[in-house]
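S.K.: Mind having a look at this structure? Questions to follow.
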Amino acid sequence: METVCPVKHIAFIMDGNGRWAKKRLMPREFGHKAGAETFENIVNYCYDIGVQHVTVYAFSTENWKRPQHEIDALFKLFSYYIDHYAEKIGNRNVRIVFIGDRTGFSEDLKNRMQNVEEKTKNNGRILNIGINYGGRAEICHAVNKLIAEGKTEITEEDISENLYTSLSPDPDLIVRTGGEYRTSNFLMWQSAYSELYITDTLWPDMKGDDVDKAITEFMRRNRRYGGL
Ligand code: IPE
Ligand code: IPE
Ligand code: MG
């Protein structure tokens with residue numbers, strides 16, 4: 001029997017890879033590689049403890065400002081891990097959904113992303129992976145879809161249903177590693193009432209225990225949603 005977890009949807013801002021590498025006098029890319037391994041462990045851990053929806057921020061619409069060699073290294077990692085995750089995570093009843101704007105990606109990458117989504121589409125648990133994801137761009141994309149459908153007036157539900165994350169409820173808990181007190185354009189719409197947990201732990205150092213700590217802290221929070 002699967003454990004019941006108080007958190008239905010957890011989201012991670014996987015920050016701190018560069019600093020983790022710097023501490024080891026290694027290039028930033030080394031930190032991203034370590035971060036990719038941590039991603040697999042943490043995501044699996046979340047499903048093991050009964051979380052149904054996991055969302056991760058891997059590359060933002062602002063990360064294009066980084067040096068080209070770092071961007072290239074990151075996309076090389078995505079490219080390698082896409083099929084690897086489909087194999088390892090997709091086989092654990094996880095539906096992989098890429099969130100973000102992929103229109104400018106190479107045909108090969110787009111096809112492989114689509115294949116993974118297709119292959120895992122009947123699985124029950126959800127993993128949203130943010131690549132070229134930005135909260136503002138996502139809202140614009142949703143509104144443009146609604147305009148194209150001919151809507152002249154929209155509701156909050158219309159927007160929620162047209163976001164990239166439409167298969168998941170709003171996140172209960174957003175965890176940011178690397179200690180920065182900001183959301184950096186992540187899940188702007190969906191995070192209206194999410195609890196935020198910020199840890200100085202750098203992403204590659206993140207362990208199941210740190211997830212437990214975040215969830216324990218979450219359980220102490222009083223979610224009022226504007227009420228009393
Ligand atoms: C997060 O780690 C990964 C991405 C944004 C792609 P960073 O690369 O931002 O690491 P720091 O914040 O510089 O340590
Ligand atoms: C946020 O981290 C984006 C991801 C983790 C993918 P950044 O390192 O890009 O955020 P800022 O620049 O510190 O706000
Ligand atoms: Mg960072």
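Every chain in the structure tokens takes a letter, A first, then B, and so on in the order presented; its residues are numbered from 1, and the ligands are numbered from 1 following the presented order.
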When DSSP works through the backbone of this structure, what residues of stretch 51-116 of chain A end up as strand (DSSP E), shown as a list in words?
M.R.: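 Filtering stretch 51-116 of chain A to strand (DSSP E) leaves His53, Val54, Thr55, Val56, Tyr57, Ala58, Phe59, Ser60, Val94, Arg95, Ile96, Val97, Phe98 and Ile99 of chain A.
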S.K.: Determine, counting only C-alpha atoms, which protein, DNA and RNA residues have an atom within 7 Å of an atom of A:Ala58; residues of the same chain fewer than 3 positions away are not included. Present the result as a list in words.
M.R.: Met14, Ile129, Gly130 and Ile131 of chain A
S.K.: Check the smallest atom-to-atom distance from each of A:Met113, A:Leu173, A:Ala36, A:Leu25 to A:Asp205 using only C-alpha atoms, then report the winner.
M.R.: A:Ala36
S.K.: Please determine, counting only C-alpha atoms and all ligand atoms, which residue among A:Glu37, A:Asp172, A:Glu62, A:Glu87 has the shortest atom-to-atom distance to ligand 3.
M.R.: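 Closest candidate: A:Glu62.
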S.K.: Pick out the residues no farther than 6 Å from ligand 2, counting only C-alpha atoms and all ligand atoms, and list them as a list of chain:residue names.
M.R.: A:Ile13, A:Met14, A:Asp15, A:Tyr57, A:Ala58, A:Phe59, A:Ser60, A:Asn63, A:Ser184
S.K.: Those residues with C-alpha atoms, as a short mmCIF file (atom, residue, chain, number, x, y, z; two decimals), in the first residue's frame please?
M.R.:
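Below is the file that was written, again_2.cif:
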```
data_model
loop_
_atom_site.label_atom_id
_atom_site.label_comp_id
_atom_site.auth_asym_id
_atom_site.auth_seq_id
_atom_site.Cartn_x
_atom_site.Cartn_y
_atom_site.Cartn_z
CA ILE A 13 14.00 25.19 -7.49
CA MET A 14 17.18 23.18 -7.98
CA ASP A 15 19.69 25.94 -7.29
CA TYR A 57 12.98 23.89 -12.37
CA ALA A 58 15.92 22.84 -14.53
CA PHE A 59 16.41 25.81 -16.93
CA SER A 60 14.67 29.18 -16.84
CA ASN A 63 19.20 31.20 -18.01
CA SER A 184 13.07 33.51 -9.98
#
```
S.K.: I'd like the neighbourhood of A:Gly208 as number ranges by chain, where a residue qualifies if any of its atoms comes within 12 Å (using only C-alpha atoms), though same-chain residues fewer than 3 positions away should be ignored.
M.R.: A: 38-49, 203-205, 211-215
S.K.: Record the distance separating atom CA of A:Gly50 and atom CA of A:Gly90, expressed in Å with one decimal.
M.R.: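 That distance, rounded to one decimal, is 16.0 Å.
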S.K.: Can you list, as a list in words, every protein, DNA or RNA residue that comes within 9 Å of A:His141 when you count only C-alpha atoms, leaving out same-chain residues fewer than 6 positions away?
M.R.: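 Once the nearby chain positions are removed, what remains is Asp101, Asn162, Leu163 and Tyr164 of chain A.
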S.K.: Residues up to 8 Å from ligand 3, counting only C-alpha atoms and all ligand atoms: could you list those as an mmCIF file with C-alpha atoms, in the first residue's frame?
M.R.:
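Saved to result_13.cif:
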```cif
data_model
loop_
_atom_site.group_PDB
_atom_site.id
_atom_site.type_symbol
_atom_site.label_atom_id
_atom_site.label_comp_id
_atom_site.auth_asym_id
_atom_site.auth_seq_id
_atom_site.Cartn_x
_atom_site.Cartn_y
_atom_site.Cartn_z
ATOM 1 C CA ASP A 15 19.687 25.937 -7.295
ATOM 2 C CA GLY A 16 23.321 25.922 -6.208
ATOM 3 C CA ASN A 17 25.030 23.591 -8.692
ATOM 4 C CA GLY A 18 27.613 26.234 -9.674
ATOM 5 C CA GLY A 178 20.965 27.357 -2.485
#
```
S.K.: I need the residue nearest A:Leu196 from this list: A:Pro6, A:Gly124, A:Phe12, A:Thr55. Use only C-alpha atoms for the distance.
M.R.: A:Phe12
S.K.: Do a neighbour search on A:Asp170 at 8 Å with only C-alpha atoms, toss out local chain neighbours closer than 3 positions, and write the hits as a ChimeraX atom specification.
M.R.: /A:9,190-191,194
S.K.: For A:Tyr193, which residue out of A:Arg92, A:Lys33, A:Arg223, A:Lys110 is the nearest one, using only C-alpha atoms?
M.R.: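 Checking each candidate against A:Tyr193, we get A:Arg223 as the closest.
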S.K.: Using atom 12 (O, counted along the ligand's line) of ligand 1 and atom CA of A:Tyr181 as the two end points, give the distance in Å to one decimal.
M.R.: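 About the pair atom 12 (O, counted along the ligand's line) of ligand 1 and atom CA of A:Tyr181: they are 12.1 Å apart.
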S.K.: So that I can check the secondary structure, give me every residue of stretch 10-220 of chain A assigned helix (DSSP H, G or I) by backbone DSSP, as an MDAnalysis selection string.
M.R.: chainID A and resid 17:23 28:48 63:65 68:88 90:92 107:119 135:148 156:161 203:205 208:220
S.K.: For the residues in that selection, give me C-alpha atoms as a CSV table (one decimal), in the first residue's frame.
M.R.:
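Generated file (again-v9.csv):
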```csv
chain,number,residue,atom,x,y,z
A,17,ASN,CA,25.0,23.6,-8.7
A,18,GLY,CA,27.6,26.2,-9.7
A,19,ARG,CA,28.5,27.0,-6.1
A,20,TRP,CA,28.8,23.3,-5.2
A,21,ALA,CA,31.3,22.9,-8.1
A,22,LYS,CA,33.2,26.1,-7.1
A,23,LYS,CA,33.7,24.8,-3.6
A,28,ARG,CA,30.3,24.8,-13.0
A,29,GLU,CA,29.4,22.0,-15.5
A,30,PHE,CA,30.6,19.5,-12.9
A,31,GLY,CA,28.0,20.8,-10.5
A,32,HIS,CA,25.3,20.4,-13.1
A,33,LYS,CA,26.3,16.8,-13.7
A,34,ALA,CA,26.1,16.2,-9.9
A,35,GLY,CA,22.8,18.0,-9.8
A,36,ALA,CA,21.3,15.7,-12.5
A,37,GLU,CA,22.1,12.7,-10.3
A,38,THR,CA,20.6,14.4,-7.3
A,39,PHE,CA,17.5,15.1,-9.4
A,40,GLU,CA,16.9,11.4,-10.0
A,41,ASN,CA,17.4,10.5,-6.3
A,42,ILE,CA,15.2,13.2,-4.9
A,43,VAL,CA,12.4,12.7,-7.4
A,44,ASN,CA,12.4,9.0,-6.7
A,45,TYR,CA,12.4,9.7,-3.0
A,46,CYS,CA,9.4,11.9,-3.3
A,47,TYR,CA,7.4,9.2,-5.0
A,48,ASP,CA,8.6,6.7,-2.5
A,63,ASN,CA,19.2,31.2,-18.0
A,64,TRP,CA,19.9,32.0,-21.7
A,65,LYS,CA,22.0,34.9,-20.3
A,68,GLN,CA,27.2,29.6,-24.3
A,69,HIS,CA,29.5,26.8,-23.1
A,70,GLU,CA,27.5,26.4,-19.9
A,71,ILE,CA,24.2,26.4,-21.9
A,72,ASP,CA,25.6,23.8,-24.2
A,73,ALA,CA,26.7,21.7,-21.3
A,74,LEU,CA,23.3,21.9,-19.7
A,75,PHE,CA,21.5,20.9,-23.0
A,76,LYS,CA,23.9,18.1,-23.5
A,77,LEU,CA,22.9,16.8,-20.0
A,78,PHE,CA,19.2,17.2,-20.7
A,79,SER,CA,19.7,15.4,-24.0
A,80,TYR,CA,21.4,12.5,-22.3
A,81,TYR,CA,19.1,12.3,-19.3
A,82,ILE,CA,15.8,12.5,-21.3
A,83,ASP,CA,16.0,8.9,-22.4
A,84,HIS,CA,17.6,7.8,-19.2
A,85,TYR,CA,14.8,9.2,-17.1
A,86,ALA,CA,12.2,7.8,-19.4
A,87,GLU,CA,13.7,4.4,-18.7
A,88,LYS,CA,14.3,4.8,-14.9
A,90,GLY,CA,8.9,6.5,-16.4
A,91,ASN,CA,8.9,2.8,-15.4
A,92,ARG,CA,7.8,3.7,-11.9
A,107,GLU,CA,14.0,18.8,-33.9
A,108,ASP,CA,15.9,15.9,-32.4
A,109,LEU,CA,15.5,17.2,-28.9
A,110,LYS,CA,11.8,18.1,-29.5
A,111,ASN,CA,11.1,14.6,-30.9
A,112,ARG,CA,12.8,12.9,-28.0
A,113,MET,CA,10.9,15.0,-25.5
A,114,GLN,CA,7.6,14.2,-27.2
A,115,ASN,CA,8.5,10.5,-27.3
A,116,VAL,CA,9.1,10.4,-23.5
A,117,GLU,CA,5.8,12.2,-22.9
A,118,GLU,CA,4.0,9.8,-25.2
A,119,LYS,CA,5.6,6.7,-23.7
A,135,GLY,CA,6.2,31.8,-15.1
A,136,ARG,CA,5.4,35.0,-17.0
A,137,ALA,CA,5.9,33.4,-20.4
A,138,GLU,CA,3.7,30.5,-19.3
A,139,ILE,CA,0.8,32.9,-18.4
A,140,CYS,CA,1.2,34.8,-21.7
A,141,HIS,CA,1.2,31.4,-23.5
A,142,ALA,CA,-2.0,30.4,-21.7
A,143,VAL,CA,-3.7,33.7,-22.5
A,144,ASN,CA,-2.7,33.6,-26.1
A,145,LYS,CA,-4.2,30.1,-26.4
A,146,LEU,CA,-7.4,31.4,-25.0
A,147,ILE,CA,-7.4,34.4,-27.4
A,148,ALA,CA,-6.8,32.0,-30.3
A,156,GLU,CA,-9.0,32.1,-13.3
A,157,GLU,CA,-9.9,28.5,-14.1
A,158,ASP,CA,-9.4,29.2,-17.8
A,159,ILE,CA,-5.8,30.3,-17.0
A,160,SER,CA,-5.1,27.4,-14.7
A,161,GLU,CA,-6.4,24.9,-17.2
A,203,TRP,CA,21.2,21.2,-4.8
A,204,PRO,CA,23.8,18.4,-5.4
A,205,ASP,CA,24.0,17.9,-1.6
A,208,GLY,CA,15.9,12.5,1.3
A,209,ASP,CA,16.4,13.7,4.8
A,210,ASP,CA,16.3,17.3,3.6
A,211,VAL,CA,13.0,16.5,1.9
A,212,ASP,CA,11.7,15.1,5.2
A,213,LYS,CA,12.8,18.3,7.0
A,214,ALA,CA,10.9,20.4,4.4
A,215,ILE,CA,7.8,18.3,4.8
A,216,THR,CA,8.0,18.4,8.6
A,217,GLU,CA,8.2,22.2,8.5
A,218,PHE,CA,5.3,22.2,6.0
A,219,MET,CA,3.2,20.3,8.5
A,220,ARG,CA,3.8,22.9,11.1
```
S.K.: Return the single residue from A:Asn93, A:His53, A:Ala11, A:Asn132 that is closest to A:Thr177, with distances computed using only C-alpha atoms.
M.R.: A:Ala11
S.K.: Can you work out the spacing between atom CA of A:Pro171 and atom CA of A:Thr199 in Å, to one decimal?
M.R.: 17.7 Å
S.K.: Nearest to ligand 1: which of A:Asn185, A:Asn222, A:Thr155, A:Ser166 is it, counting only C-alpha atoms and all ligand atoms?
M.R.: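 That would be A:Asn185, the residue with the smallest distance to ligand 1.
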